[in-house]
Amino acid sequence: MGSYLEGYGVEQARRGRLVRRLALAGLVFVVTAGTVYLARRCRPAQRQVTLFLDNLRQQDYQAAYRLWGCTEASPCRDYTFQMFLDDWGPKSVRANAAAAQIKKIKARTCRPGVVHTLAAMAAHGLGERGCDCGSGVILTLSFPKDEEVPLWYERKDGAIGFSPFPVCVPYPKPFE
């Protein structure tokens, strides 16, 4: 009669351990995937701005101008190559591109809201330097004479431009 209740609850306990292990594995996966996403979401923007600075350092102004989405085939109507040289060329105030660096923006200034602020703080803790603003990224270049230039990286075409604002503009609330 002792063997009758010997296996009572063993199957339920095994199933409970399996469910706990699967839940823990799922949680670890979600945390890992979220961390990788936060660490890598602005990487293309950082690469593009770094390439832009490298082109300026090598004085390849045509290649740097192309990174702004302006080519000989489709020149920028409002930002000619001469205007680009006035801003970034050898006679400009930003001529010392070798000393320029991508500055780390404060995470709290990127986007309003607790979730966005926590996500930005985590991403900046993982080495991100820009602000993720949805359709683009704001990266700030810092020059030796305490001059800072906020740049906008547009995700859809990879073009760089001057940022119209120093940090992400908060979304308007629907009832305002």
# chains A, B, ... in the order shown; residues from 1 in each chain; ligands from 1
$ residues_around --residues "A:Pro144" --least-positions-apart "2" --cutoff "12 Å" --atoms "only C-alpha atoms" --output "short mmCIF file (atom, residue, chain, number, x, y, z; two decimals) with N, CA and C atoms, in the first residue's frame"
data_model
loop_
_atom_site.label_atom_id
_atom_site.label_comp_id
_atom_site.auth_asym_id
_atom_site.auth_seq_id
_atom_site.Cartn_x
_atom_site.Cartn_y
_atom_site.Cartn_z
N VAL A 93 35.21 78.20 -38.98
CA VAL A 93 35.54 78.14 -37.55
C VAL A 93 35.63 76.69 -37.08
N ARG A 94 35.08 75.77 -37.87
CA ARG A 94 35.15 74.34 -37.52
C ARG A 94 36.19 73.60 -38.36
N ALA A 95 37.20 74.28 -38.79
CA ALA A 95 38.20 73.69 -39.66
C ALA A 95 39.03 72.62 -38.94
N ASN A 96 39.12 72.69 -37.63
CA ASN A 96 39.93 71.74 -36.87
C ASN A 96 39.09 70.49 -36.56
N ALA A 97 38.76 69.73 -37.58
CA ALA A 97 37.93 68.53 -37.40
C ALA A 97 38.69 67.43 -36.67
N ALA A 98 40.02 67.49 -36.66
CA ALA A 98 40.80 66.46 -35.96
C ALA A 98 40.55 66.51 -34.46
N ALA A 99 40.21 67.67 -33.95
CA ALA A 99 39.98 67.80 -32.51
C ALA A 99 38.51 67.62 -32.13
N ALA A 100 37.64 67.47 -33.11
CA ALA A 100 36.21 67.33 -32.83
C ALA A 100 35.91 65.93 -32.29
N GLN A 101 34.95 65.88 -31.41
CA GLN A 101 34.53 64.60 -30.82
C GLN A 101 33.01 64.57 -30.74
N ILE A 102 32.47 63.35 -30.73
CA ILE A 102 31.04 63.20 -30.51
C ILE A 102 30.82 63.26 -29.01
N LYS A 103 30.09 64.27 -28.59
CA LYS A 103 29.86 64.50 -27.16
C LYS A 103 28.72 63.61 -26.67
N LEU A 141 28.46 67.37 -31.86
CA LEU A 141 29.90 67.45 -32.05
C LEU A 141 30.44 68.54 -31.15
N SER A 142 31.53 68.23 -30.48
CA SER A 142 32.17 69.19 -29.59
C SER A 142 33.53 69.57 -30.17
N ASP A 146 35.00 75.17 -27.16
CA ASP A 146 33.71 75.02 -26.49
C ASP A 146 32.52 75.25 -27.42
N GLU A 147 32.72 75.07 -28.69
CA GLU A 147 31.61 75.16 -29.62
C GLU A 147 30.99 73.77 -29.78
N GLU A 148 29.68 73.74 -29.75
CA GLU A 148 28.98 72.48 -29.93
C GLU A 148 28.02 72.62 -31.11
N VAL A 149 27.98 71.57 -31.93
CA VAL A 149 27.12 71.57 -33.11
C VAL A 149 26.24 70.33 -33.04
#
$ residues_around --residues "A:Cys133" --least-positions-apart "3" --cutoff "6 Å" --atoms "only C-alpha atoms" --output "VMD selection string"
chain A and resid 136 to 137 168
$ select_by_dssp --residues "stretch 11-164 of chain A" --states "strand (DSSP E)" --output "PyMOL selection string"
chain A and resi 101-103+131-132+136-142+148-154+160-162
$ write_last_selection --atoms "N, CA and C atoms" --output "CSV table (one decimal), in the first residue's frame"
chain,number,residue,atom,x,y,z
A,101,GLN,N,34.9,65.9,-31.4
A,101,GLN,CA,34.5,64.6,-30.8
A,101,GLN,C,33.0,64.6,-30.7
A,102,ILE,N,32.5,63.4,-30.7
A,102,ILE,CA,31.0,63.2,-30.5
A,102,ILE,C,30.8,63.3,-29.0
A,103,LYS,N,30.1,64.3,-28.6
A,103,LYS,CA,29.9,64.5,-27.2
A,103,LYS,C,28.7,63.6,-26.7
A,131,CYS,N,20.8,61.0,-28.9
A,131,CYS,CA,19.4,60.9,-28.5
A,131,CYS,C,18.6,60.3,-29.6
A,132,ASP,N,17.9,59.2,-29.3
A,132,ASP,CA,17.0,58.6,-30.2
A,132,ASP,C,15.7,59.4,-30.2
A,136,GLY,N,14.9,59.9,-36.3
A,136,GLY,CA,16.3,60.2,-36.4
A,136,GLY,C,17.0,60.2,-35.0
A,137,VAL,N,18.2,60.6,-35.1
A,137,VAL,CA,19.1,60.7,-33.9
A,137,VAL,C,19.8,62.0,-33.9
A,138,ILE,N,19.9,62.6,-32.7
A,138,ILE,CA,20.7,63.8,-32.5
A,138,ILE,C,22.0,63.4,-31.9
A,139,LEU,N,23.1,63.9,-32.5
A,139,LEU,CA,24.4,63.7,-32.0
A,139,LEU,C,25.1,65.1,-32.0
A,140,THR,N,25.8,65.3,-30.9
A,140,THR,CA,26.4,66.7,-30.8
A,140,THR,C,27.9,66.5,-31.0
A,141,LEU,N,28.5,67.4,-31.9
A,141,LEU,CA,29.9,67.4,-32.1
A,141,LEU,C,30.4,68.5,-31.1
A,142,SER,N,31.5,68.2,-30.5
A,142,SER,CA,32.2,69.2,-29.6
A,142,SER,C,33.5,69.6,-30.2
A,148,GLU,N,29.7,73.7,-29.8
A,148,GLU,CA,29.0,72.5,-29.9
A,148,GLU,C,28.0,72.6,-31.1
A,149,VAL,N,28.0,71.6,-31.9
A,149,VAL,CA,27.1,71.6,-33.1
A,149,VAL,C,26.2,70.3,-33.0
A,150,PRO,N,24.9,70.5,-32.8
A,150,PRO,CA,24.0,69.3,-32.8
A,150,PRO,C,23.7,68.9,-34.3
A,151,LEU,N,24.0,67.7,-34.6
A,151,LEU,CA,23.7,67.1,-35.9
A,151,LEU,C,22.5,66.2,-35.8
A,152,TRP,N,21.7,66.1,-36.9
A,152,TRP,CA,20.6,65.2,-37.0
A,152,TRP,C,20.9,64.1,-38.0
A,153,TYR,N,20.7,62.9,-37.6
A,153,TYR,CA,20.9,61.8,-38.5
A,153,TYR,C,19.5,61.2,-38.9
A,154,GLU,N,19.1,61.3,-40.1
A,154,GLU,CA,17.8,60.8,-40.6
A,154,GLU,C,17.9,59.3,-40.9
A,160,ILE,N,22.9,63.2,-43.0
A,160,ILE,CA,23.3,64.0,-41.8
A,160,ILE,C,22.9,65.5,-42.2
A,161,GLY,N,22.5,66.2,-41.1
A,161,GLY,CA,22.2,67.6,-41.3
A,161,GLY,C,22.3,68.3,-40.0
A,162,PHE,N,22.2,69.6,-40.0
A,162,PHE,CA,22.1,70.4,-38.7
A,162,PHE,C,20.8,70.0,-38.0
$ residues_around --residues "stretch 64-70 of chain A" --least-positions-apart "3" --cutoff "12 Å" --atoms "only C-alpha atoms" --output "ChimeraX atom specification"
/A:45,47-61,73-89,97,151-154,156-163
$ write_last_selection --atoms "N, CA and C atoms" --output "compact mmCIF listing (two decimals), in the first residue's frame"
# COMPACT_ATOMS: atom_id res chain seq x y z
N ALA A 45 24.02 55.88 -36.70
CA ALA A 45 24.21 57.34 -36.65
C ALA A 45 25.62 57.68 -36.19
N ARG A 47 28.27 55.82 -36.54
CA ARG A 47 29.18 55.46 -37.62
C ARG A 47 29.17 56.52 -38.72
N GLN A 48 27.99 57.01 -39.07
CA GLN A 48 27.87 58.01 -40.14
C GLN A 48 28.56 59.32 -39.74
N VAL A 49 28.36 59.76 -38.51
CA VAL A 49 29.00 61.00 -38.06
C VAL A 49 30.51 60.81 -37.93
N THR A 50 30.94 59.65 -37.50
CA THR A 50 32.38 59.36 -37.44
C THR A 50 32.99 59.38 -38.83
N LEU A 51 32.28 58.80 -39.81
CA LEU A 51 32.74 58.83 -41.19
C LEU A 51 32.79 60.27 -41.71
N PHE A 52 31.80 61.06 -41.34
CA PHE A 52 31.78 62.48 -41.71
C PHE A 52 33.02 63.19 -41.16
N LEU A 53 33.32 62.96 -39.88
CA LEU A 53 34.50 63.59 -39.27
C LEU A 53 35.79 63.10 -39.93
N ASP A 54 35.84 61.81 -40.26
CA ASP A 54 37.03 61.28 -40.95
C ASP A 54 37.21 61.94 -42.31
N ASN A 55 36.13 62.14 -43.04
CA ASN A 55 36.22 62.82 -44.34
C ASN A 55 36.70 64.26 -44.16
N LEU A 56 36.23 64.93 -43.13
CA LEU A 56 36.70 66.30 -42.88
C LEU A 56 38.18 66.31 -42.50
N ARG A 57 38.60 65.35 -41.71
CA ARG A 57 40.01 65.29 -41.31
C ARG A 57 40.92 65.06 -42.50
N GLN A 58 40.43 64.26 -43.47
CA GLN A 58 41.21 63.98 -44.68
C GLN A 58 41.01 65.07 -45.74
N GLN A 59 40.22 66.07 -45.42
CA GLN A 59 39.90 67.19 -46.30
C GLN A 59 39.24 66.72 -47.60
N ASP A 60 38.46 65.65 -47.49
CA ASP A 60 37.65 65.17 -48.61
C ASP A 60 36.25 65.75 -48.44
N TYR A 61 36.12 67.01 -48.82
CA TYR A 61 34.90 67.74 -48.56
C TYR A 61 33.73 67.28 -49.44
N ALA A 73 24.41 64.77 -58.78
CA ALA A 73 23.18 64.45 -59.51
C ALA A 73 21.96 65.12 -58.87
N SER A 74 21.93 65.14 -57.56
CA SER A 74 20.80 65.78 -56.86
C SER A 74 21.34 66.71 -55.77
N PRO A 75 21.78 67.91 -56.16
CA PRO A 75 22.34 68.85 -55.17
C PRO A 75 21.25 69.36 -54.23
N CYS A 76 21.67 69.74 -53.06
CA CYS A 76 20.74 70.29 -52.07
C CYS A 76 20.41 71.73 -52.48
N ARG A 77 19.15 72.01 -52.57
CA ARG A 77 18.69 73.32 -53.03
C ARG A 77 19.06 74.42 -52.04
N ASP A 78 18.89 74.15 -50.75
CA ASP A 78 19.09 75.20 -49.74
C ASP A 78 20.45 75.14 -49.06
N TYR A 79 21.29 74.17 -49.45
CA TYR A 79 22.60 74.06 -48.81
C TYR A 79 23.62 73.69 -49.88
N THR A 80 24.14 74.70 -50.55
CA THR A 80 25.08 74.47 -51.64
C THR A 80 26.43 74.02 -51.09
N PHE A 81 27.26 73.54 -52.01
CA PHE A 81 28.59 73.10 -51.61
C PHE A 81 29.40 74.26 -51.05
N GLN A 82 29.21 75.44 -51.60
CA GLN A 82 29.94 76.62 -51.08
C GLN A 82 29.50 76.93 -49.65
N MET A 83 28.22 76.81 -49.37
CA MET A 83 27.75 77.02 -47.99
C MET A 83 28.32 75.95 -47.07
N PHE A 84 28.41 74.71 -47.57
CA PHE A 84 29.01 73.63 -46.79
C PHE A 84 30.46 73.95 -46.46
N LEU A 85 31.20 74.44 -47.45
CA LEU A 85 32.61 74.82 -47.20
C LEU A 85 32.71 75.98 -46.22
N ASP A 86 31.76 76.90 -46.27
CA ASP A 86 31.77 78.00 -45.30
C ASP A 86 31.57 77.48 -43.88
N ASP A 87 30.79 76.41 -43.75
CA ASP A 87 30.53 75.83 -42.42
C ASP A 87 31.60 74.84 -41.97
N TRP A 88 32.14 74.05 -42.90
CA TRP A 88 33.02 72.95 -42.53
C TRP A 88 34.39 72.98 -43.22
N GLY A 89 34.61 73.88 -44.13
CA GLY A 89 35.84 73.90 -44.92
C GLY A 89 37.07 74.37 -44.16
N ALA A 97 38.76 69.73 -37.58
CA ALA A 97 37.93 68.53 -37.40
C ALA A 97 38.69 67.43 -36.67
N LEU A 151 23.96 67.66 -34.57
CA LEU A 151 23.69 67.12 -35.90
C LEU A 151 22.50 66.17 -35.84
N TRP A 152 21.75 66.12 -36.91
CA TRP A 152 20.59 65.23 -37.03
C TRP A 152 20.93 64.14 -38.04
N TYR A 153 20.72 62.90 -37.65
CA TYR A 153 20.89 61.75 -38.55
C TYR A 153 19.49 61.23 -38.86
N GLU A 154 19.13 61.25 -40.13
CA GLU A 154 17.81 60.78 -40.56
C GLU A 154 17.91 59.29 -40.86
N LYS A 156 15.77 57.18 -42.34
CA LYS A 156 15.24 56.63 -43.59
C LYS A 156 16.24 56.67 -44.73
N ASP A 157 17.10 57.69 -44.77
CA ASP A 157 18.07 57.76 -45.87
C ASP A 157 19.52 57.87 -45.41
N GLY A 158 19.76 57.95 -44.12
CA GLY A 158 21.12 58.00 -43.59
C GLY A 158 21.82 59.33 -43.77
N ALA A 159 21.07 60.37 -44.09
CA ALA A 159 21.66 61.69 -44.31
C ALA A 159 21.90 62.41 -42.99
N ILE A 160 22.94 63.22 -42.99
CA ILE A 160 23.28 64.05 -41.83
C ILE A 160 22.86 65.48 -42.15
N GLY A 161 22.53 66.23 -41.15
CA GLY A 161 22.22 67.64 -41.31
C GLY A 161 22.30 68.33 -39.97
N PHE A 162 22.17 69.63 -39.99
CA PHE A 162 22.12 70.36 -38.73
C PHE A 162 20.81 70.02 -38.03
N SER A 163 20.88 69.80 -36.74
CA SER A 163 19.67 69.49 -35.99
C SER A 163 18.85 70.76 -35.81
$ select_by_dssp --residues "stretch 23-105 of chain A" --states "helix (DSSP H, G or I)" --output "number ranges by chain"
A: 23-40, 43-57, 61-66, 81-88, 97-99
$ atom_distance --atom1 "atom CA of A:Val167" --atom2 "atom CA of A:Ser135"
13.4 Å
